[in-house]
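Listing of protein.cif; format and content: mmCIF, C-alpha atoms and all ligand atoms.
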```cif
data_target
#
loop_
_atom_site.label_atom_id
_atom_site.label_comp_id
_atom_site.auth_asym_id
_atom_site.auth_seq_id
_atom_site.Cartn_x
_atom_site.Cartn_y
_atom_site.Cartn_z
CA ALA A 10 12.69 -46.18 -12.28
CA PRO A 11 11.69 -42.67 -11.24
CA GLN A 12 9.64 -42.45 -8.06
CA GLU A 13 7.03 -39.90 -7.06
CA LEU A 14 7.17 -38.07 -3.76
CA ARG A 15 4.20 -39.65 -1.93
CA TYR A 16 2.28 -38.80 1.23
CA GLU A 17 0.34 -42.00 1.95
CA GLY A 18 -1.22 -42.16 5.40
CA GLN A 19 -0.57 -38.48 6.03
CA THR A 20 -3.16 -35.77 6.49
CA VAL A 21 -2.62 -32.35 4.99
CA VAL A 22 -4.56 -29.23 5.92
CA VAL A 23 -4.44 -26.53 3.29
CA THR A 24 -6.03 -23.23 4.29
CA GLY A 25 -7.54 -21.06 1.59
CA ALA A 26 -7.60 -24.10 -0.69
CA GLY A 27 -10.76 -23.16 -2.58
CA GLY A 28 -8.77 -21.35 -5.28
CA GLY A 29 -5.39 -20.01 -6.37
CA LEU A 30 -2.27 -21.58 -4.89
CA GLY A 31 -4.14 -23.43 -2.15
CA ARG A 32 -6.22 -25.32 -4.69
CA GLU A 33 -3.03 -26.41 -6.49
CA TYR A 34 -1.52 -27.73 -3.25
CA ALA A 35 -4.70 -29.56 -2.29
CA VAL A 36 -5.12 -31.22 -5.69
CA PHE A 37 -1.45 -32.24 -5.69
CA PHE A 38 -1.54 -33.83 -2.21
CA GLY A 39 -4.81 -35.53 -3.09
CA SER A 40 -3.12 -37.09 -6.12
CA ARG A 41 -0.13 -38.28 -4.07
CA GLY A 42 -1.91 -40.41 -1.51
CA ALA A 43 -2.58 -37.90 1.28
CA ASN A 44 -5.87 -37.16 3.06
CA VAL A 45 -6.65 -33.53 2.39
CA VAL A 46 -8.65 -30.98 4.37
CA VAL A 47 -9.69 -28.31 1.93
CA ASN A 48 -10.33 -25.21 4.02
CA ASP A 49 -11.82 -22.11 2.48
CA LEU A 50 -14.05 -19.36 3.79
CA GLY A 51 -15.19 -18.65 0.26
CA GLY A 52 -15.18 -14.84 0.41
CA SER A 53 -13.79 -12.18 -1.92
CA PHE A 54 -10.09 -11.41 -2.23
CA LYS A 55 -10.68 -8.40 0.02
CA GLY A 56 -12.07 -10.63 2.74
CA GLU A 57 -15.78 -9.92 2.24
CA GLY A 58 -18.55 -12.53 2.28
CA LYS A 59 -18.36 -16.30 2.60
CA GLY A 60 -19.61 -19.53 1.07
CA SER A 61 -19.07 -23.28 0.79
CA GLN A 62 -18.81 -23.50 -2.99
CA ALA A 63 -15.08 -22.85 -3.37
CA ALA A 64 -14.00 -25.59 -0.95
CA ASP A 65 -16.65 -28.05 -2.21
CA ALA A 66 -15.50 -27.71 -5.82
CA VAL A 67 -11.93 -28.62 -4.89
CA VAL A 68 -13.04 -31.54 -2.71
CA ASN A 69 -15.09 -32.85 -5.64
CA GLU A 70 -12.14 -32.45 -7.97
CA ILE A 71 -9.86 -34.45 -5.66
CA ARG A 72 -12.47 -37.16 -5.04
CA SER A 73 -13.33 -37.61 -8.70
CA ALA A 74 -9.63 -38.19 -9.39
CA GLY A 75 -9.68 -40.96 -6.74
CA GLY A 76 -8.25 -38.94 -3.84
CA LYS A 77 -9.47 -38.41 -0.27
CA ALA A 78 -10.61 -34.95 0.78
CA VAL A 79 -13.06 -33.18 3.07
CA ALA A 80 -14.12 -29.55 3.15
CA ASN A 81 -13.98 -27.04 5.96
CA TYR A 82 -15.59 -23.59 5.58
CA ASP A 83 -14.29 -21.81 8.67
CA SER A 84 -12.16 -18.72 8.71
CA VAL A 85 -8.55 -19.47 9.57
CA GLU A 86 -9.19 -17.39 12.67
CA ASN A 87 -10.92 -20.53 13.93
CA GLY A 88 -7.95 -22.90 13.64
CA ALA A 89 -9.27 -25.30 16.27
CA SER A 90 -12.26 -26.24 14.17
CA ILE A 91 -10.15 -26.61 11.00
CA ILE A 92 -7.75 -29.02 12.68
CA LYS A 93 -10.74 -30.80 14.27
CA THR A 94 -12.01 -31.51 10.76
CA ALA A 95 -8.71 -33.31 10.06
CA ILE A 96 -8.82 -35.30 13.30
CA ASP A 97 -12.53 -36.19 13.04
CA ASN A 98 -12.25 -37.40 9.45
CA PHE A 99 -8.74 -38.82 9.22
CA GLY A 100 -7.55 -39.23 12.81
CA ARG A 101 -4.39 -37.18 12.36
CA ILE A 102 -2.65 -34.08 11.03
CA ASP A 103 0.85 -34.19 9.55
CA ILE A 104 1.21 -31.21 7.26
CA LEU A 105 -0.23 -27.71 7.69
CA ILE A 106 -0.07 -25.23 4.86
CA ASN A 107 -1.04 -21.76 6.05
CA ASN A 108 -1.97 -20.26 2.71
CA ALA A 109 -5.26 -18.38 3.13
CA GLY A 110 -4.89 -14.71 2.41
CA ILE A 111 -6.57 -11.48 1.42
CA LEU A 112 -5.49 -8.03 0.29
CA ARG A 113 -6.63 -4.60 1.47
CA ASP A 114 -4.31 -2.42 -0.61
CA VAL A 115 -4.41 1.29 0.10
CA SER A 116 -1.74 3.94 0.69
CA PHE A 117 -0.62 4.27 4.29
CA LYS A 118 -2.06 7.77 4.38
CA ASN A 119 -5.53 6.50 3.52
CA MET A 120 -5.49 3.17 5.34
CA LYS A 121 -8.41 2.59 7.69
CA GLN A 122 -8.02 0.65 10.88
CA GLN A 123 -10.25 -2.05 9.42
CA ASP A 124 -7.78 -2.55 6.55
CA TRP A 125 -5.01 -3.08 9.08
CA ASP A 126 -7.03 -5.30 11.42
CA LEU A 127 -8.47 -7.59 8.75
CA ILE A 128 -5.07 -8.27 7.21
CA TYR A 129 -3.67 -9.00 10.66
CA LYS A 130 -6.57 -11.35 11.46
CA VAL A 131 -6.34 -13.48 8.34
CA HIS A 132 -2.58 -13.66 7.85
CA ILE A 133 -1.05 -13.57 11.33
CA TYR A 134 -3.83 -14.49 13.72
CA GLY A 135 -5.07 -17.11 11.25
CA ALA A 136 -1.67 -18.77 10.84
CA TRP A 137 -1.19 -18.68 14.60
CA SER A 138 -4.62 -20.13 15.28
CA CYS A 139 -4.22 -23.07 12.87
CA THR A 140 -0.65 -23.82 13.94
CA ARG A 141 -1.60 -23.62 17.59
CA ALA A 142 -4.31 -26.24 17.11
CA ALA A 143 -2.02 -28.58 15.14
CA TRP A 144 1.01 -28.22 17.40
CA PRO A 145 0.01 -30.65 20.21
CA TYR A 146 -0.59 -33.39 17.60
CA PHE A 147 2.76 -32.67 15.94
CA ARG A 148 4.58 -32.83 19.25
CA LYS A 149 2.86 -35.99 20.39
CA GLN A 150 3.58 -37.89 17.18
CA LYS A 151 7.04 -36.31 16.83
CA TYR A 152 6.28 -35.26 13.29
CA GLY A 153 4.98 -32.15 11.64
CA ARG A 154 5.52 -29.99 8.59
CA VAL A 155 4.42 -26.36 8.41
CA ILE A 156 4.52 -24.00 5.46
CA ASN A 157 3.79 -20.34 6.08
CA THR A 158 3.15 -18.00 3.22
CA ALA A 159 5.05 -14.73 3.19
CA SER A 160 5.46 -12.44 0.21
CA ALA A 161 8.05 -10.30 -1.54
CA ALA A 162 5.94 -7.43 -0.21
CA GLY A 163 6.93 -8.46 3.30
CA LEU A 164 10.60 -9.04 2.51
CA PHE A 165 11.15 -5.88 0.53
CA GLY A 166 8.16 -3.58 1.10
CA SER A 167 5.57 -2.69 -1.51
CA PHE A 168 3.62 0.47 -2.28
CA GLY A 169 0.09 0.44 -0.89
CA GLN A 170 0.72 -2.61 1.29
CA THR A 171 1.93 -1.51 4.72
CA ASN A 172 -0.69 -3.78 6.32
CA TYR A 173 0.09 -6.78 4.13
CA SER A 174 3.88 -6.28 4.26
CA ALA A 175 3.86 -6.10 8.04
CA ALA A 176 1.76 -9.26 8.31
CA LYS A 177 3.88 -11.18 5.82
CA LEU A 178 7.16 -10.36 7.52
CA ALA A 179 5.62 -11.22 10.88
CA LEU A 180 5.10 -14.71 9.49
CA VAL A 181 8.84 -14.96 8.85
CA GLY A 182 9.67 -14.35 12.51
CA PHE A 183 6.82 -16.64 13.56
CA THR A 184 8.14 -19.46 11.38
CA GLU A 185 11.79 -19.02 12.35
CA THR A 186 10.82 -19.45 15.99
CA LEU A 187 8.52 -22.40 15.28
CA ALA A 188 11.49 -24.05 13.54
CA LYS A 189 13.62 -23.62 16.66
CA GLU A 190 10.96 -24.82 19.09
CA GLY A 191 9.81 -27.66 16.86
CA PHE A 192 13.19 -29.06 15.88
CA LYS A 193 13.60 -31.67 18.59
CA TYR A 194 10.09 -32.96 17.87
CA ASN A 195 10.86 -33.33 14.15
CA ILE A 196 8.53 -30.44 13.38
CA PHE A 197 9.91 -28.45 10.46
CA ALA A 198 8.59 -25.05 9.44
CA ASN A 199 9.51 -23.08 6.34
CA ILE A 200 8.47 -19.87 4.64
CA ILE A 201 7.64 -19.31 1.00
CA ALA A 202 7.32 -16.00 -0.80
CA PRO A 203 5.45 -17.03 -3.96
CA ILE A 204 4.59 -15.14 -7.07
CA ALA A 205 1.84 -16.60 -9.24
CA ALA A 206 -1.23 -15.80 -11.27
CA SER A 207 -4.37 -15.81 -9.16
CA ARG A 208 -7.41 -13.62 -8.58
CA MET A 209 -5.15 -11.74 -6.17
CA THR A 210 -2.56 -10.81 -8.78
CA GLU A 211 -4.77 -10.56 -11.87
CA THR A 212 -5.78 -7.03 -10.91
CA VAL A 213 -2.16 -5.81 -10.76
CA MET A 214 -0.27 -7.71 -13.49
CA PRO A 215 -0.78 -7.90 -17.28
CA PRO A 216 -2.05 -11.16 -18.84
CA ASP A 217 1.19 -11.97 -20.71
CA VAL A 218 3.15 -11.85 -17.45
CA LEU A 219 0.54 -13.89 -15.59
CA GLU A 220 0.68 -16.52 -18.34
CA ASN A 221 4.27 -17.24 -17.24
CA LEU A 222 3.44 -17.40 -13.54
CA LYS A 223 1.33 -20.53 -13.28
CA PRO A 224 0.30 -21.35 -9.69
CA LYS A 225 1.09 -25.03 -10.26
CA TRP A 226 4.78 -24.10 -10.55
CA ILE A 227 4.78 -23.23 -6.84
CA VAL A 228 3.72 -26.75 -5.86
CA PRO A 229 7.06 -28.62 -6.23
CA LEU A 230 8.76 -26.44 -3.60
CA VAL A 231 5.94 -27.00 -1.13
CA ALA A 232 5.99 -30.72 -1.95
CA VAL A 233 9.73 -31.03 -1.25
CA LEU A 234 9.62 -28.95 1.95
CA THR A 235 6.72 -30.90 3.42
CA HIS A 236 7.99 -34.35 2.47
CA LYS A 237 9.40 -36.57 5.21
CA SER A 238 12.76 -36.61 3.40
CA ASN A 239 13.21 -32.84 3.83
CA THR A 240 15.89 -31.59 6.22
CA GLU A 241 15.43 -27.83 5.76
CA THR A 242 13.72 -25.84 8.48
CA GLY A 243 13.38 -22.16 9.35
CA SER A 244 14.24 -21.07 5.82
CA ILE A 245 12.78 -18.54 3.41
CA TYR A 246 12.28 -19.28 -0.28
CA GLU A 247 11.29 -17.08 -3.15
CA VAL A 248 9.40 -19.03 -5.77
CA GLY A 249 7.63 -18.27 -9.03
CA GLY A 250 7.69 -18.69 -12.80
CA GLY A 251 10.08 -21.64 -12.57
CA HIS A 252 12.61 -19.94 -10.29
CA ILE A 253 13.15 -21.25 -6.77
CA ALA A 254 15.77 -19.66 -4.51
CA LYS A 255 16.55 -19.60 -0.82
CA ILE A 256 16.89 -16.17 0.78
CA ARG A 257 19.13 -15.38 3.75
CA TRP A 258 20.32 -12.47 5.82
CA GLU A 259 23.57 -10.66 5.28
CA ARG A 260 25.49 -8.74 7.94
CA ALA A 261 28.17 -6.20 7.06
CA LYS A 262 31.41 -6.50 9.01
CA GLY A 263 30.41 -3.16 10.47
CA ALA A 264 32.13 -0.38 12.37
CA PHE A 265 33.83 -1.05 15.69
CA LEU A 266 34.13 1.82 18.16
CA LYS A 267 35.56 1.70 21.65
CA PRO A 268 32.59 1.51 24.05
CA ASP A 269 33.44 4.56 26.18
CA ASP A 270 32.67 8.29 26.13
CA SER A 271 34.43 8.63 22.78
CA LEU A 272 31.57 6.68 21.17
CA THR A 273 29.76 9.76 19.90
CA PRO A 274 27.46 10.30 16.91
CA GLY A 275 30.34 12.09 15.22
CA ALA A 276 32.69 9.14 15.73
CA LEU A 277 30.10 6.88 14.17
CA ALA A 278 29.49 9.28 11.27
CA ALA A 279 33.21 9.12 10.49
CA LYS A 280 33.04 5.34 10.28
CA TRP A 281 29.74 5.18 8.41
CA LYS A 282 31.40 3.57 5.39
CA ASP A 283 32.20 0.51 7.53
CA VAL A 284 28.60 0.26 8.78
CA VAL A 285 27.28 -0.16 5.25
CA ASN A 286 30.21 -1.96 3.60
CA PHE A 287 29.31 -5.52 2.61
CA ALA A 288 32.78 -6.41 1.28
CA GLU A 289 33.53 -8.66 4.28
CA ALA A 290 29.95 -9.62 4.99
CA GLU A 291 28.73 -12.78 6.68
CA HIS A 292 25.46 -14.69 6.49
CA PRO A 293 24.31 -14.83 10.08
CA GLN A 294 22.30 -17.67 11.58
CA GLY A 295 21.66 -15.62 14.71
CA PRO A 296 22.29 -12.29 16.42
CA ALA A 297 25.78 -10.79 16.53
CA ASN A 298 27.93 -12.24 19.32
CA ALA A 299 27.82 -9.48 21.92
CA LEU A 300 30.66 -10.86 24.07
CA GLU A 301 33.01 -11.25 21.12
CA ILE A 302 32.17 -7.74 19.96
CA LEU A 303 32.81 -6.26 23.37
CA GLU A 304 36.18 -8.00 23.55
CA THR A 305 37.23 -6.62 20.17
CA ALA A 306 35.86 -3.15 20.80
CA GLN A 307 37.39 -2.78 24.26
CA LYS A 308 40.86 -3.23 22.79
CA LEU A 309 40.38 -0.32 20.42
CA PRO A 310 41.79 3.12 21.13
CA PRO A 311 39.21 5.80 21.96
CA SER A 312 37.57 7.14 18.81
CA PRO A 313 38.83 10.62 17.94
CA PRO A 314 36.22 13.38 17.67
CA ALA A 315 35.99 12.91 13.96
CA GLU A 316 35.45 14.92 10.89
CA ASN A 317 32.50 13.71 8.92
CA PRO A 318 33.90 13.09 5.44
CA ASP A 319 30.86 14.79 3.94
CA PHE A 320 31.69 17.98 5.82
CA LYS A 321 35.47 17.68 5.60
CA GLY A 322 37.32 20.70 6.80
CA LYS A 323 34.12 22.48 7.82
CA VAL A 324 32.55 20.67 10.76
CA VAL A 325 33.86 18.36 13.41
CA LEU A 326 30.99 16.27 14.70
CA ILE A 327 30.92 14.82 18.17
P1 LIG A 401 -6.39 -16.36 -3.79
O1 LIG A 401 -7.22 -15.19 -3.43
O2 LIG A 401 -6.56 -16.98 -5.13
O3 LIG A 401 -6.54 -17.51 -2.71
C1 LIG A 401 -6.65 -17.25 -1.34
C2 LIG A 401 -7.74 -18.13 -0.78
O4 LIG A 401 -7.81 -17.92 0.63
C3 LIG A 401 -9.12 -17.82 -1.35
O5 LIG A 401 -9.70 -18.98 -1.88
C4 LIG A 401 -9.88 -17.26 -0.16
O6 LIG A 401 -11.27 -17.58 -0.17
C5 LIG A 401 -9.19 -17.90 1.00
N1 LIG A 401 -9.36 -17.15 2.23
C6 LIG A 401 -9.27 -15.82 2.41
N2 LIG A 401 -9.52 -15.48 3.68
C7 LIG A 401 -9.75 -16.64 4.34
C8 LIG A 401 -10.02 -16.95 5.69
N3 LIG A 401 -10.15 -16.00 6.62
N4 LIG A 401 -10.19 -18.25 6.03
C9 LIG A 401 -10.08 -19.23 5.11
N5 LIG A 401 -9.82 -18.98 3.81
C10 LIG A 401 -9.65 -17.70 3.43
O7 LIG A 401 -4.84 -15.89 -3.59
P2 LIG A 401 -3.46 -16.65 -3.88
O8 LIG A 401 -2.73 -15.82 -4.83
O9 LIG A 401 -3.68 -18.07 -4.18
O10 LIG A 401 -2.74 -16.48 -2.46
C11 LIG A 401 -2.41 -17.55 -1.62
C12 LIG A 401 -1.42 -17.06 -0.57
O11 LIG A 401 -0.21 -16.66 -1.21
C13 LIG A 401 -1.87 -15.86 0.22
O12 LIG A 401 -1.44 -15.98 1.55
C14 LIG A 401 -1.19 -14.70 -0.45
O13 LIG A 401 -1.05 -13.59 0.40
C15 LIG A 401 0.13 -15.35 -0.82
N6 LIG A 401 0.85 -14.69 -1.89
C16 LIG A 401 0.42 -14.78 -3.18
C17 LIG A 401 1.13 -14.16 -4.18
C18 LIG A 401 0.78 -14.33 -5.61
O14 LIG A 401 1.56 -13.86 -6.46
N7 LIG A 401 -0.34 -14.95 -5.95
C19 LIG A 401 2.26 -13.29 -3.89
C20 LIG A 401 2.69 -13.32 -2.52
C21 LIG A 401 1.97 -13.98 -1.57
#
```
Please re-express this file's structure in structure tokens.
Amino acid sequence: APQELRYEGQTVVVTGAGGGLGREYAVFFGSRGANVVVNDLGGSFKGEGKGSQAADAVVNEIRSAGGKAVANYDSVENGASIIKTAIDNFGRIDILINNAGILRDVSFKNMKQQDWDLIYKVHIYGAWSCTRAAWPYFRKQKYGRVINTASAAGLFGSFGQTNYSAAKLALVGFTETLAKEGFKYNIFANIIAPIAASRMTETVMPPDVLENLKPKWIVPLVAVLTHKSNTETGSIYEVGGGHIAKIRWERAKGAFLKPDDSLTPGALAAKWKDVVNFAEAEHPQGPANALEILETAQKLPPSPPAENPDFKGKVVLI
């Protein structure tokens, strides 16, 4: 018989769970046996105002379906008090979903410092603050699952979102390092870059597109990654509209130049094709091996002062 993924006895904190994706996660975990802390500041999508209504509505929804949930109305900047809500009510914390988010879209030229600072505070400082408060519990019990929420805007850039893109990619580095430090304590951390209909996206996408981007279709990925059976950590996933795919880095084979005085800008310009050629690419798990590179490069002959192919016959660059 088919079996559900269940989370009995576990406590899940979902930040920004008063609406959008966070609400979907919270309702799901509540229906699968977990204790849920529904955190939401209850402000606007630009990060203005606050209120208890958003979180309360989701708590009521979970409870009336027979689940266990409590509300927390703090900003994610106050992670200690959010995790305290989990400990005070349920005695533990097992899964942390850093989901709360806002937008302050404006061209880089017109961006005010407040637009930059607010995005930083909610996305990066907030995820740090909540994770920091949960971490000692995770380590002590040798179990923890963290989901951090990035965005295609962070992975690829996006017009009008320098603040948001920077914050979202920062969360990738944050999570990759958490995965390394947490591994021996059975703390797994992964990154999702979702795309889904919410109050955040309804201002920028047409209704027929949004219809095909239901937020509940993000839930299964988060469910699998946070389940005790998961073995993935430190990975990035793009998810939306029924498509779920892991993303990884790619490194070109690259140019090799003898590391001596012949390593000039002109010598590099002549080998530029190799720098950007992905024909013999690899998918690195870490930085390039500096010792190996040095060994290979030292055996090379000095690079000739080269003609740049774009200026062939006219200019020799050094
Ligand atoms: P949403 O606006 O519907 O939900 C975000 C929730 O976070 C709101 O309920 C809001 O009150 C809460 N929140 C905001 N600031 C908070 C704070 N300081 N403390 C506690 N709660 C706070 O947006 P959506 O679409 O559900 O976004 C969820 C996450 O997914 C965000 O991190 C967002 O950046 C990310 N994301 C969403 C995409 C999408 O297509 N919907 C695309 C890429 C990323």
- Message: Calculated over all atoms listed in the file, which of the candidates A:Ser174, A:Gln122, A:Asn69, A:Asn48 has the smallest distance to ligand LIG 401 (chain A)?
- Response: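 For ligand LIG 401 (chain A), the nearest of the given residues is A:Asn48.
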- Query: Expressed in Å to a single decimal, how great is the separation between atom CA of Lys282 of chain A and atom CA of Trp258 of chain A?
  - Reply: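 Computing the Euclidean distance for atom CA of Lys282 of chain A and atom CA of Trp258 of chain A yields 19.5 Å.
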- Item | Shell of 7 Å around ligand LIG 401 (chain A) (all atoms listed in the file), written as JSON, numbers by chain | {"A": [24, 25, 26, 27, 28, 29, 30, 31, 48, 49, 50, 51, 52, 53, 54, 56, 63, 83, 84, 85, 86, 108, 109, 110, 111, 131, 132, 135, 158, 159, 160, 161, 202, 203, 204, 205, 206, 207, 208, 209, 210]}
- Item | Option closest in space to Pro229 of chain A, from A:Ile201, A:Ile245, A:Ala80, A:Ile302 [counting only C-alpha atoms] |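 Nearest candidate to Pro229 of chain A out of A:Ile201, A:Ile245, A:Ala80, A:Ile302: A:Ile201.
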- Query: What is the atom CA of Tyr173 of chain A-atom CA of Tyr134 of chain A distance in Å, reported with one decimal?
  - Reply: 12.9 Å
